[in-house]
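Chemist: Below is one structure. I have some questions about it.
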Amino acid sequence: MVLAARIKALTVRVQGERVLLLHDGRLVADLPWKAAQALAKALAFQANRAEEWAKAERVALDQAILMRTGAPFGLTDDWAILGEARKLAAWDSRLRRYIPSIRSREAFGRPAVIVEEAKDVRKEED
Amino acid sequence: MANSLYDHGREGFLDGSIDWDTDNIKLVFVDEADDTIDLALDEDLADRAAASRVDTSDNFTSKTVDAGVADAADVTVSTVTGDEFESVDIYQDTGTESTSRMICNIDTATGLPATPNGGDITVQWDSGANKIFKL
């Protein structure tokens with residue numbers, strides 16, 4: 001959290017074959033270029049996972065839409081989000097209504113709703 | 001949009017807590033603008049907002065269950081006033097909202113949405129094979 005709050009004060013510089021990470025002008029890390037590359041990859045990977053959690057609800061809903069439509073690919077490999085997506089795909093009333101691909105087997109007739117004219121009280125009184 | 005059984009309605013038929021031809025079964029006209037339906041979670045009449053219930057029928061009559069097909073005589077609700085309604089819920093009436101189990105929601109019917117005008121409103125069930133619904 002401290003890092004996130006002061007991210008603007010962080011500076012990354014190159015010095016020959018090394019990558020330097022400075023915070024408020026003070027050296028925090030002095031890395032060989034390969035280690036810096038590995039650190040950058042790890043940071044990007046973890047940042048993506050953190051973003052996935054921050055947007056978990058949206059990811060679960062999008063995944064549920066894909067499941068409901070039968071699209072054979074996933075948006076996440078996180079089991080918790082996939083579990084939520086499975087629940088949404090099966091039970092979310094909006095998805096059930098608008099993407100009715102998982103059909104229940106019951107069948108309905110088509111009724112008619114007939115609105116009759118209101119009785120004219122004055123005519124009856126006459 | 002599709003006519004659907006509530007999950008708790010299905011459950012009721014399976015566990016025997018709904019007996020179509022002996023229980024009191026009623027319908028209610030529902031203004032969907034005042035309540036968001038949840039077919040999985042809405043369990044009883046209390047789960048449908050009171051403001052969304054435009055009017056309620058008397059008990060269905062002449063109910064039959066032959067071959068798993070639910071049928072009844074056409075239902076007329078007298079002198080209906082209130083908001084336009086988009087769907088019709090059928091429920092098992094116990095006299096208490098919180099125990100009156102939801103059975104099905106009908107949002108696809110000739111004449112829906114309908115706007116009450118103070119006159120009677122009749123729900124005429126399909127005379128085909130599926131009648132009101134078939135399990």
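Each chain in the structure tokens gets a letter, A, B, ..., in the order shown, and its residues are numbered from 1; ligands are numbered from 1 in order too.
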Using only C-alpha atoms, which protein or nucleic acid residues come within 12 Å of Asp66 (chain B)? Drop anything in the same chain fewer than 3 positions from it, and give the result as a list in words.
Modeler: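 Those residues are Trp20, Asp21, Lys63, Val69, Ala70, Asp71, Ala72, Ala129, Asn130, Lys131, Phe133, Lys134 and Leu135 of chain B.
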Chemist: Taking the chain letters and numbering used in this document, name the residues of chain B that DSSP puts in strand (DSSP E), as a ChimeraX atom specification.
Modeler: /B:4-5,25-30,53-56,69-70,75-77,87-92,102-106,121-124,133-134
Chemist: Could you give me, as a ChimeraX atom specification, the residues within 12 Å of Ser17 (chain B), counting only C-alpha atoms and dropping anything in the same chain fewer than 3 positions from it?
Modeler: /B:8-14,20,22-23,92-94,99-103
Chemist: Nearest to Tyr91 (chain B) among B:Asn117, B:Ser62, B:Asn3, B:Thr56, with distances taken over only C-alpha atoms: which residue is it?
Modeler: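 Distance minimum relative to Tyr91 (chain B) lands on B:Thr56.
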Chemist: Mind checking which residues fall within 9 Å of Arg48 (chain B), counting only C-alpha atoms, ignoring those fewer than 6 positions away in the same chain, and posting them as a list in words?
Modeler: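 These residues fall inside the cut-off: Val30, Asp34, Asp35, Thr36, Ile37 and Asp42 of chain B.
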Chemist: Region 25-29 of chain B: which residues within 7 Å, counting only C-alpha atoms, same-chain residues fewer than 2 positions away excluded, as a list in words?
Modeler: Asp23, Asp31, Arg53, Val54, Asp55, Thr56, Ser57, Asp58, Asn59, Phe60, Phe85, Ser87, Val88, Asp89, Ile90, Tyr91, Gln92 and Asp93 of chain B
Chemist: Restrict the calculation to only C-alpha atoms, then for each residue of chain B with any atom at most 7 Å from an atom of chain A give the closest atom pair and their distance in Å to one decimal, rows by chain and rising residue number, as CSV.
Modeler:
```
residue,atom,partner,partner_atom,distance
B:Met1,CA,A:Arg97,CA,5.3
B:Ala2,CA,A:Arg97,CA,6.5
B:Asn3,CA,A:Phe108,CA,6.7
B:Asp38,CA,A:Ser93,CA,5.4
B:Leu39,CA,A:Ser93,CA,5.9
B:Ala40,CA,A:Trp91,CA,6.0
B:Ala109,CA,A:Pro111,CA,5.2
B:Thr110,CA,A:Ala112,CA,4.5
B:Gly111,CA,A:Val113,CA,4.9
B:Leu112,CA,A:Val113,CA,6.6
B:Pro116,CA,A:Val115,CA,6.9
B:Asn117,CA,A:Ala118,CA,6.1
B:Gly118,CA,A:Ala118,CA,5.1
B:Gly119,CA,A:Ala118,CA,3.6
B:Asp120,CA,A:Glu116,CA,5.4
B:Ile121,CA,A:Val115,CA,4.6
B:Thr122,CA,A:Ile114,CA,5.1
B:Val123,CA,A:Val113,CA,4.6
B:Gln124,CA,A:Ala112,CA,5.1
B:Trp125,CA,A:Pro111,CA,4.4
B:Asp126,CA,A:Pro111,CA,4.8
B:Gly128,CA,A:Gly109,CA,6.7
B:Asn130,CA,A:Gly109,CA,4.8
B:Lys131,CA,A:Gly109,CA,4.9
B:Ile132,CA,A:Gly109,CA,5.3
B:Phe133,CA,A:Phe108,CA,4.1
B:Lys134,CA,A:Ala107,CA,5.1
B:Leu135,CA,A:Glu106,CA,4.7
```
Chemist: Write the residues of the selection above to a file with N, CA, C and O atoms, as an mmCIF file, in the first residue's frame.
Modeler:
```
data_model
loop_
_atom_site.group_PDB
_atom_site.id
_atom_site.type_symbol
_atom_site.label_atom_id
_atom_site.label_comp_id
_atom_site.auth_asym_id
_atom_site.auth_seq_id
_atom_site.Cartn_x
_atom_site.Cartn_y
_atom_site.Cartn_z
ATOM 1 N N MET B 1 -37.617 -13.596 -22.882
ATOM 2 C CA MET B 1 -38.883 -13.636 -22.151
ATOM 3 C C MET B 1 -39.500 -15.016 -22.337
ATOM 4 O O MET B 1 -39.626 -15.509 -23.426
ATOM 5 N N ALA B 2 -39.868 -15.569 -21.242
ATOM 6 C CA ALA B 2 -40.475 -16.901 -21.323
ATOM 7 C C ALA B 2 -41.279 -17.164 -20.068
ATOM 8 O O ALA B 2 -40.937 -16.672 -18.995
ATOM 9 N N ASN B 3 -42.327 -17.920 -20.237
ATOM 10 C CA ASN B 3 -43.088 -18.346 -19.074
ATOM 11 C C ASN B 3 -42.258 -19.379 -18.321
ATOM 12 O O ASN B 3 -41.667 -20.263 -18.938
ATOM 13 N N ASP B 38 -37.183 -12.800 -9.454
ATOM 14 C CA ASP B 38 -36.034 -13.695 -9.307
ATOM 15 C C ASP B 38 -36.587 -15.112 -9.233
ATOM 16 O O ASP B 38 -37.038 -15.558 -8.183
ATOM 17 N N LEU B 39 -36.549 -15.788 -10.368
ATOM 18 C CA LEU B 39 -37.169 -17.115 -10.439
ATOM 19 C C LEU B 39 -36.492 -18.111 -9.515
ATOM 20 O O LEU B 39 -37.096 -19.082 -9.086
ATOM 21 N N ALA B 40 -35.220 -17.853 -9.216
ATOM 22 C CA ALA B 40 -34.495 -18.789 -8.342
ATOM 23 C C ALA B 40 -34.753 -18.503 -6.873
ATOM 24 O O ALA B 40 -34.791 -19.427 -6.064
ATOM 25 N N ALA B 109 -48.039 -13.921 -23.066
ATOM 26 C CA ALA B 109 -49.450 -14.259 -23.253
ATOM 27 C C ALA B 109 -50.065 -13.237 -24.186
ATOM 28 O O ALA B 109 -49.631 -12.080 -24.218
ATOM 29 N N THR B 110 -51.039 -13.663 -24.920
ATOM 30 C CA THR B 110 -51.760 -12.718 -25.772
ATOM 31 C C THR B 110 -52.412 -11.675 -24.870
ATOM 32 O O THR B 110 -53.047 -12.026 -23.886
ATOM 33 N N GLY B 111 -52.193 -10.424 -25.171
ATOM 34 C CA GLY B 111 -52.837 -9.372 -24.382
ATOM 35 C C GLY B 111 -51.941 -8.766 -23.318
ATOM 36 O O GLY B 111 -52.335 -7.818 -22.636
ATOM 37 N N LEU B 112 -50.736 -9.310 -23.154
ATOM 38 C CA LEU B 112 -49.791 -8.721 -22.196
ATOM 39 C C LEU B 112 -48.802 -7.814 -22.926
ATOM 40 O O LEU B 112 -48.371 -8.174 -24.019
ATOM 41 N N PRO B 116 -55.336 -2.083 -16.854
ATOM 42 C CA PRO B 116 -56.683 -2.135 -16.279
ATOM 43 C C PRO B 116 -57.463 -0.852 -16.581
ATOM 44 O O PRO B 116 -56.875 0.242 -16.602
ATOM 45 N N ASN B 117 -58.754 -1.019 -16.783
ATOM 46 C CA ASN B 117 -59.568 0.172 -17.057
ATOM 47 C C ASN B 117 -60.803 0.226 -16.158
ATOM 48 O O ASN B 117 -61.742 0.948 -16.433
ATOM 49 N N GLY B 118 -60.769 -0.573 -15.107
ATOM 50 C CA GLY B 118 -61.922 -0.599 -14.212
ATOM 51 C C GLY B 118 -62.883 -1.719 -14.551
ATOM 52 O O GLY B 118 -63.807 -2.024 -13.787
ATOM 53 N N GLY B 119 -62.671 -2.337 -15.707
ATOM 54 C CA GLY B 119 -63.535 -3.457 -16.093
ATOM 55 C C GLY B 119 -62.959 -4.782 -15.610
ATOM 56 O O GLY B 119 -61.910 -4.835 -14.976
ATOM 57 N N ASP B 120 -63.663 -5.863 -15.956
ATOM 58 C CA ASP B 120 -63.185 -7.197 -15.584
ATOM 59 C C ASP B 120 -62.000 -7.584 -16.468
ATOM 60 O O ASP B 120 -61.912 -7.145 -17.623
ATOM 61 N N ILE B 121 -61.131 -8.413 -15.932
ATOM 62 C CA ILE B 121 -60.043 -8.971 -16.747
ATOM 63 C C ILE B 121 -60.105 -10.489 -16.648
ATOM 64 O O ILE B 121 -60.141 -11.055 -15.554
ATOM 65 N N THR B 122 -60.156 -11.117 -17.797
ATOM 66 C CA THR B 122 -60.245 -12.575 -17.843
ATOM 67 C C THR B 122 -58.931 -13.154 -18.354
ATOM 68 O O THR B 122 -58.358 -12.655 -19.331
ATOM 69 N N VAL B 123 -58.459 -14.175 -17.678
ATOM 70 C CA VAL B 123 -57.300 -14.919 -18.173
ATOM 71 C C VAL B 123 -57.840 -16.237 -18.721
ATOM 72 O O VAL B 123 -58.392 -17.058 -17.988
ATOM 73 N N GLN B 124 -57.697 -16.364 -20.019
ATOM 74 C CA GLN B 124 -58.227 -17.528 -20.717
ATOM 75 C C GLN B 124 -57.070 -18.486 -20.975
ATOM 76 O O GLN B 124 -56.139 -18.145 -21.712
ATOM 77 N N TRP B 125 -57.107 -19.656 -20.361
ATOM 78 C CA TRP B 125 -55.995 -20.596 -20.496
ATOM 79 C C TRP B 125 -55.980 -21.235 -21.874
ATOM 80 O O TRP B 125 -57.033 -21.382 -22.513
ATOM 81 N N ASP B 126 -54.817 -21.627 -22.274
ATOM 82 C CA ASP B 126 -54.642 -22.281 -23.572
ATOM 83 C C ASP B 126 -55.427 -23.601 -23.587
ATOM 84 O O ASP B 126 -55.385 -24.362 -22.614
ATOM 85 N N GLY B 128 -54.792 -25.887 -25.792
ATOM 86 C CA GLY B 128 -53.937 -26.897 -26.428
ATOM 87 C C GLY B 128 -53.439 -27.923 -25.429
ATOM 88 O O GLY B 128 -53.951 -28.020 -24.309
ATOM 89 N N ASN B 130 -50.771 -28.202 -23.591
ATOM 90 C CA ASN B 130 -50.064 -27.818 -22.359
ATOM 91 C C ASN B 130 -50.919 -27.038 -21.365
ATOM 92 O O ASN B 130 -50.450 -26.734 -20.272
ATOM 93 N N LYS B 131 -52.123 -26.658 -21.771
ATOM 94 C CA LYS B 131 -53.055 -25.930 -20.888
ATOM 95 C C LYS B 131 -52.330 -24.766 -20.196
ATOM 96 O O LYS B 131 -51.766 -23.905 -20.844
ATOM 97 N N ILE B 132 -52.317 -24.780 -18.829
ATOM 98 C CA ILE B 132 -51.600 -23.700 -18.132
ATOM 99 C C ILE B 132 -50.100 -24.013 -18.177
ATOM 100 O O ILE B 132 -49.297 -23.206 -18.625
ATOM 101 N N PHE B 133 -49.727 -25.198 -17.695
ATOM 102 C CA PHE B 133 -48.359 -25.677 -17.871
ATOM 103 C C PHE B 133 -48.336 -27.186 -17.717
ATOM 104 O O PHE B 133 -49.264 -27.782 -17.160
ATOM 105 N N LYS B 134 -47.281 -27.756 -18.235
ATOM 106 C CA LYS B 134 -47.104 -29.204 -18.147
ATOM 107 C C LYS B 134 -45.756 -29.482 -17.490
ATOM 108 O O LYS B 134 -44.741 -28.922 -17.910
ATOM 109 N N LEU B 135 -45.769 -30.309 -16.462
ATOM 110 C CA LEU B 135 -44.502 -30.617 -15.770
ATOM 111 C C LEU B 135 -43.729 -31.672 -16.530
ATOM 112 O O LEU B 135 -44.319 -32.505 -17.212
#
```
Chemist: Please give the complete set of residues from region 17-69 of chain B that DSSP, run on the backbone, assigns to helix (DSSP H, G or I), formatted as a ChimeraX atom specification.
Modeler: /B:32-34,45-47,50-52,66-68
Chemist: Between CA of Glu43 (chain B) and CA of Asn24 (chain B), what is the distance, to one decimal in Å?
Modeler: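 A separation of 16.6 Å between them.
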Chemist: Could you check which of A:Lys34, A:Arg86, A:Arg26, A:Lys41 is closest to Ala60 (chain A), using only C-alpha atoms?
Modeler: A:Arg86
Chemist: Find, counting only C-alpha atoms, the residue in B:Glu32, B:Asp83, B:Asp74, B:Asp15 that gets nearest to Asn105 (chain B).
Modeler: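 Ranked by minimum distance to Asn105 (chain B), first place goes to B:Glu32.
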Chemist: State, in Å with one decimal place, the distance from CA of Ala29 (chain A) to CA of Gly16 (chain A).
Modeler: 14.7 Å
